[in-house]
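Visitor: Structure below; questions to follow.
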Amino acid sequence: MPKVPSVPDRQHPRPIRVRVLGHAGTAARTVHDYAHGCMLMRLMQTSVSAVPGTTDPGVLPRDAAGRIPVAIIGATGYVGAELIRLLERHPDVRIVGLAARGRDGLPVGAAFAHLDETGHRIDGALPTSSDVAAVFLALPAGASAPRVPELLARGLAVVDLGPDFRLADPADYPRWYGFEHPAPELLPGAGPGAAVYGLPELHRAALAATRLVASPGCYPTAALLALAPLARAGLVADVVVDAKSGVSGAGREPKLETHFSEANENLRAYGLGGHRHLAELAQELRALGAASGVVDAVTFTPHLVPMTRGLLATCYVRPSHPVTAAEISGLYEAAYAGEPFVRLVDAAPGTKHVSGSNAARVHVRLDERSGRIVALAAIDNLVKGAAGQAIQAFNVVAGLPETSGLEQIALYP
Ligand SMILES: NC(=O)c1ccc[n+]([C@@H]2O[C@H](COP(=O)([O-])OP(=O)(O)OC[C@H]3O[C@@H](n4cnc5c(N)ncnc54)[C@H](OP(=O)(O)O)[C@@H]3O)[C@@H](O)[C@H]2O)c1
């Protein structure tokens with residue numbers, strides 16, 4: 001993608017890329033008067049810079065310094081913290097607001113010491129004096145869905161890191177998440193302006209034409225990157241996804257099962273009755289071409305590992321027809337040759353190889369003895385599994401280089 005020069009223009013925010021989108025849901029881009037209300041109402045009524053000379057909905061405004069002003073809601077959580085860490089060094093954006101419930105000018109360093117030097121503050125509401133072009137929501141299930149329609153209506157690009165816009169079927173929300181979806185018209189595939197499942201390796205073209213990103217869950221990210229080439233080729237007859245995550249995957253809010261003495265030196269499976277991420281994994285496998293019978297029979301078992309970050313998905317696939325190791329390698333090389341964040345590796349990937357980076361390390365092999373294909377992917381659950389992936393998708397939405405702000409090398413050991 002060509003890098004668009006960002007020439008500061010103190011009179012006019014500069015459009016970063018002109019793109020014509022064919023849906024009404026992104027059409028609104030007007031300046032709104034501020035009224036009053038709760039945190040999100042205040043954010044939503046924050047003025048958004050009109051782009052002079054165009055009403056093109058594909059343009060995100062920039063500030064006087066040529067950066068896209070962004071805000072984060074849910075800034076006191078682990079994903080919020082990773083968004084701050086990464087966006088603070090993103091060359092094309094500027095953080096203009098951080099929000100979490102009940103905060104009033106809390107220095108970010110009081111919530112996260114490692115972010116102290118950023119100098120940001122966390123408020124119960126975002127500052128009304130700043131323009132905002134895009135909002136990242138890092139909230140629990142059910143907290144984003146009621147708020148997103150108004151954010152979109154005001155012309156903001158929205159990246160939701162929770163599950164509220166990932167599933168296409170509204171009936172999946174009461175089933176998997178326990179709430180009726182308040183905006184089914186925004187679920188993926190519902191029509192103009194609907195959300196796009198934000199795995200760029202699968203949905204890059206659709207992301208470039210949306211304003212609402214449903215950033216994937218961490219387990220489905222790893223499993224789908226491991227399985228996509230096989231599913232697309234119709235090679236999956238049966239699959240077991242055996243996945244392990246570090247404890248930060250459960251968020252910062254204290255819970256009994258993430259208490260040190262419960263999690264430390266303990267490895268255990270959970271979600272055996274059906275983890276919520278199975279719904280989006282099944283949806284995306286179906287979209288890749290896997291047969292319904294195969295998708296309905298997917299076994300997915302997550303495990304909690306006594307480490308802070310990292311996620312490894314090991315997928316055992318019974319192929320639908322005989323295939324050679326060379327053919328399998330060819331599928332993965334073709335799928336991931338141009339991908340900036342997917343590294344095909346010839347040895348078992350480990351979570352420490354990707355810690356702190358947006359990389360996904362994928363390894364595939366044919367187990368000649370059993371005839372199964374074993375496909376593995378390692379990611380950092382908080383980066384490629386959450387904040388990094390969300391920024392990657394945002395870069396696509398905004399027409400920025402996809403790697404912008406995401407070029408960190410993994411931290412090791
Ligand atoms: N952790 C991961 O590895 C990971 C990976 C992919 C996706 N995700 C998803 O990202 C989202 C955030 O996860 P997290 O790990 O950052 O969780 P977290 O550490 O528990 O943080 C949750 C954030 O949401 C706020 N919050 C909690 N309940 C709220 C409510 N009812 N209304 C408004 N704000 C509320 C919290 O603010 P207060 O300070 O006010 O409580 C906090 O800022 C979740 O949907 C999660 O499933 C997480």
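Each chain in the structure tokens gets a letter, A, B and so on, in the order shown; residues start at 1 in every chain, and ligands are counted from 1 in the order they appear.
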Once you count only C-alpha atoms and all ligand atoms, which residues end up within 6 Å of ligand 1, and could you hand them over as a count of residues only?
Guide: 29
Visitor: Env of Arg211 (chain A): 8 Å cut, atoms = only C-alpha atoms, seq-sep filter 5 positions within chain, self excluded. Answer as a list in words.
Guide: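 My reading of the contact set: Thr26, Leu152, Leu156, Ala157, Val158, Gly193, Ala195 and Val397 of chain A.
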Visitor: What's around region 180-190 of chain A at 7 Å? Count only C-alpha atoms, leave out sequence neighbours fewer than 4 positions away in its own chain, and write the answer as a list of chain:residue names.
Guide: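 What passes the distance filter is A:Ala145, A:Pro146, A:Phe165, A:Arg166, A:Leu167, A:Ala168, A:Pro170, A:Tyr173, A:Pro174, A:Ala194, A:Ala195, A:Val196, A:Tyr197.
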Visitor: Do you know which residues are at most 12 Å from Phe300 (chain A) counting only C-alpha atoms, after dropping those on the same chain fewer than 2 positions away, and could you put them as a ChimeraX atom specification?
Guide: /A:219-220,223,238-244,269-282,295-298,302-303,313-316
Visitor: Just to be explicit: take each residue in the selection above, keep C-alpha atoms, and write the result as a short mmCIF file (atom, residue, chain, number, x, y, z; two decimals), in the first residue's frame.
Guide:
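Saved as result36.cif:
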```cif
data_model
loop_
_atom_site.label_atom_id
_atom_site.label_comp_id
_atom_site.auth_asym_id
_atom_site.auth_seq_id
_atom_site.Cartn_x
_atom_site.Cartn_y
_atom_site.Cartn_z
CA TYR A 219 -7.81 -18.16 20.31
CA PRO A 220 -9.58 -17.88 16.93
CA ALA A 223 -6.39 -21.29 15.21
CA ASP A 238 -12.00 -33.35 11.05
CA VAL A 239 -10.14 -31.01 13.37
CA VAL A 240 -9.23 -30.77 17.04
CA VAL A 241 -7.94 -27.39 18.23
CA ASP A 242 -5.88 -27.75 21.39
CA ALA A 243 -4.93 -24.25 22.55
CA LYS A 244 -3.06 -22.76 25.50
CA ALA A 269 -8.23 -27.04 30.56
CA TYR A 270 -11.38 -24.99 30.78
CA GLY A 271 -14.45 -24.23 28.68
CA LEU A 272 -14.96 -27.94 28.05
CA GLY A 273 -18.67 -27.46 27.60
CA GLY A 274 -18.04 -25.07 24.70
CA HIS A 275 -15.84 -21.97 24.92
CA ARG A 276 -17.37 -18.81 23.46
CA HIS A 277 -14.60 -18.50 20.90
CA LEU A 278 -15.87 -21.65 19.24
CA ALA A 279 -18.68 -19.60 17.70
CA GLU A 280 -16.40 -17.28 15.74
CA LEU A 281 -13.95 -20.06 14.93
CA ALA A 282 -16.80 -22.08 13.41
CA VAL A 295 -17.45 -27.26 11.37
CA ASP A 296 -20.13 -28.71 13.63
CA ALA A 297 -17.70 -31.41 14.72
CA VAL A 298 -14.79 -29.11 15.63
CA PRO A 302 -8.51 -24.04 25.65
CA HIS A 303 -6.03 -24.30 28.52
CA ALA A 313 -2.83 -23.32 19.11
CA THR A 314 -2.04 -26.87 18.04
CA CYS A 315 -4.53 -28.14 15.48
CA TYR A 316 -4.84 -31.81 14.58
#
```
Visitor: Quick one: distance from CA of Asp116 (chain A) to CA of Leu98 (chain A) in Å, one decimal?
Guide: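 About the pair CA of Asp116 (chain A) and CA of Leu98 (chain A): they are 13.6 Å apart.
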Visitor: Going by DSSP on the backbone, which residues of region 121-284 of chain A come out as helix (DSSP H, G or I)? List them as an NGL selection string.
Guide: :A and (148-153 or 172-177 or 184-186 or 200-207 or 218-232 or 247-250 or 256-258 or 260-263 or 277-284)
Visitor: I'd like to know which of A:Ser357, A:Ser320, A:Thr258, A:Ser370 is closest to Leu406 (chain A), using only C-alpha atoms.
Guide: A:Ser357
Visitor: Can you check which residues of region 256-392 of chain A DSSP gives as strand (DSSP E or B) on the backbone and send them as a ChimeraX atom specification?
Guide: /A:268-269,299-304,311-319,342-344,360-366,373-379
Visitor: Would you output that residue set with C-alpha atoms, as a short mmCIF file (atom, residue, chain, number, x, y, z; two decimals), in the first residue's frame?
Guide:
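Produced file out13.cif, reproduced below:
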```
data_model
loop_
_atom_site.label_atom_id
_atom_site.label_comp_id
_atom_site.auth_asym_id
_atom_site.auth_seq_id
_atom_site.Cartn_x
_atom_site.Cartn_y
_atom_site.Cartn_z
CA ARG A 268 -5.63 -26.86 33.28
CA ALA A 269 -8.23 -27.04 30.56
CA THR A 299 -13.39 -29.85 19.06
CA PHE A 300 -11.79 -26.82 20.70
CA THR A 301 -10.16 -27.10 24.11
CA PRO A 302 -8.51 -24.04 25.65
CA HIS A 303 -6.03 -24.30 28.52
CA LEU A 304 -4.75 -21.81 31.05
CA LEU A 311 -0.94 -18.31 23.09
CA LEU A 312 -0.22 -21.51 21.18
CA ALA A 313 -2.83 -23.32 19.11
CA THR A 314 -2.04 -26.87 18.04
CA CYS A 315 -4.53 -28.14 15.48
CA TYR A 316 -4.84 -31.81 14.58
CA VAL A 317 -6.43 -32.25 11.19
CA ARG A 318 -7.64 -35.43 9.52
CA PRO A 319 -7.29 -34.61 5.81
CA VAL A 342 2.72 -14.34 9.51
CA ARG A 343 6.03 -16.16 9.62
CA LEU A 344 6.11 -19.71 8.32
CA ALA A 360 2.23 -15.04 14.27
CA ARG A 361 4.59 -17.98 13.81
CA VAL A 362 2.97 -20.83 11.92
CA HIS A 363 4.31 -24.33 11.46
CA VAL A 364 2.67 -27.20 9.62
CA ARG A 365 3.70 -30.80 9.19
CA LEU A 366 2.28 -34.06 7.96
CA ILE A 373 -1.74 -32.83 9.60
CA VAL A 374 -0.50 -30.90 12.64
CA ALA A 375 -0.74 -27.13 12.23
CA LEU A 376 0.50 -24.78 14.95
CA ALA A 377 0.41 -21.03 15.48
CA ALA A 378 2.01 -19.01 18.26
CA ILE A 379 0.97 -15.44 18.98
#
```
Visitor: Using only C-alpha atoms, which residue out of A:Arg67, A:Lys352, A:Arg369, A:His203 lies closest to His90 (chain A)?
Guide: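 Of all the options, A:Arg67 lies closest to His90 (chain A).
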Visitor: Could you jot down the CA of Gly289 (chain A) to CA of Pro349 (chain A) separation for me, Å, one decimal place?
Guide: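 About the pair CA of Gly289 (chain A) and CA of Pro349 (chain A): they are 26.4 Å apart.
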Visitor: I'd like the neighbourhood of Leu86 (chain A) as a ChimeraX atom specification, where a residue qualifies if any of its atoms comes within 12 Å (using only C-alpha atoms), though same-chain residues fewer than 4 positions away should be ignored.
Guide: /A:72,79-82,90-95,115,118,356-358,382-384,386-392,403-408
Visitor: Output C-alpha atoms for every residue in that selection, as a JSON list (two decimals), in the first residue's frame.
Guide:
```json
[["chain", "number", "residue", "atom", "x", "y", "z"],
["A", 72, "ILE", "CA", -9.37, 4.36, 23.70],
["A", 79, "VAL", "CA", -5.85, -4.66, 26.19],
["A", 80, "GLY", "CA", -6.31, -0.94, 26.77],
["A", 81, "ALA", "CA", -2.77, -0.76, 28.13],
["A", 82, "GLU", "CA", -1.38, -2.54, 25.07],
["A", 90, "HIS", "CA", 2.45, 4.78, 15.97],
["A", 91, "PRO", "CA", 3.83, 7.33, 13.52],
["A", 92, "ASP", "CA", 0.46, 8.17, 11.98],
["A", 93, "VAL", "CA", -1.82, 8.55, 14.97],
["A", 94, "ARG", "CA", -2.08, 10.59, 18.12],
["A", 95, "ILE", "CA", -3.85, 9.50, 21.28],
["A", 115, "LEU", "CA", 3.09, 3.94, 30.66],
["A", 118, "THR", "CA", 3.44, 8.95, 28.02],
["A", 356, "GLY", "CA", 5.41, -8.27, 22.57],
["A", 357, "SER", "CA", 5.26, -8.39, 18.77],
["A", 358, "ASN", "CA", 2.45, -8.62, 16.25],
["A", 382, "LEU", "CA", -2.29, -9.18, 23.81],
["A", 383, "VAL", "CA", -0.65, -8.14, 20.51],
["A", 384, "LYS", "CA", -1.56, -10.24, 17.45],
["A", 386, "ALA", "CA", -5.71, -8.20, 20.56],
["A", 387, "ALA", "CA", -4.18, -4.70, 20.41],
["A", 388, "GLY", "CA", -1.68, -5.27, 17.60],
["A", 389, "GLN", "CA", -4.21, -6.98, 15.39],
["A", 390, "ALA", "CA", -6.72, -4.19, 16.05],
["A", 391, "ILE", "CA", -4.14, -1.63, 14.97],
["A", 392, "GLN", "CA", -3.27, -3.71, 11.92],
["A", 403, "THR", "CA", 2.71, -2.47, 9.46],
["A", 404, "SER", "CA", 2.61, 1.12, 10.69],
["A", 405, "GLY", "CA", 3.29, 1.20, 14.43],
["A", 406, "LEU", "CA", 3.68, -2.57, 14.56],
["A", 407, "GLU", "CA", 7.28, -3.23, 13.72],
["A", 408, "GLN", "CA", 8.46, -4.31, 17.16]]
```
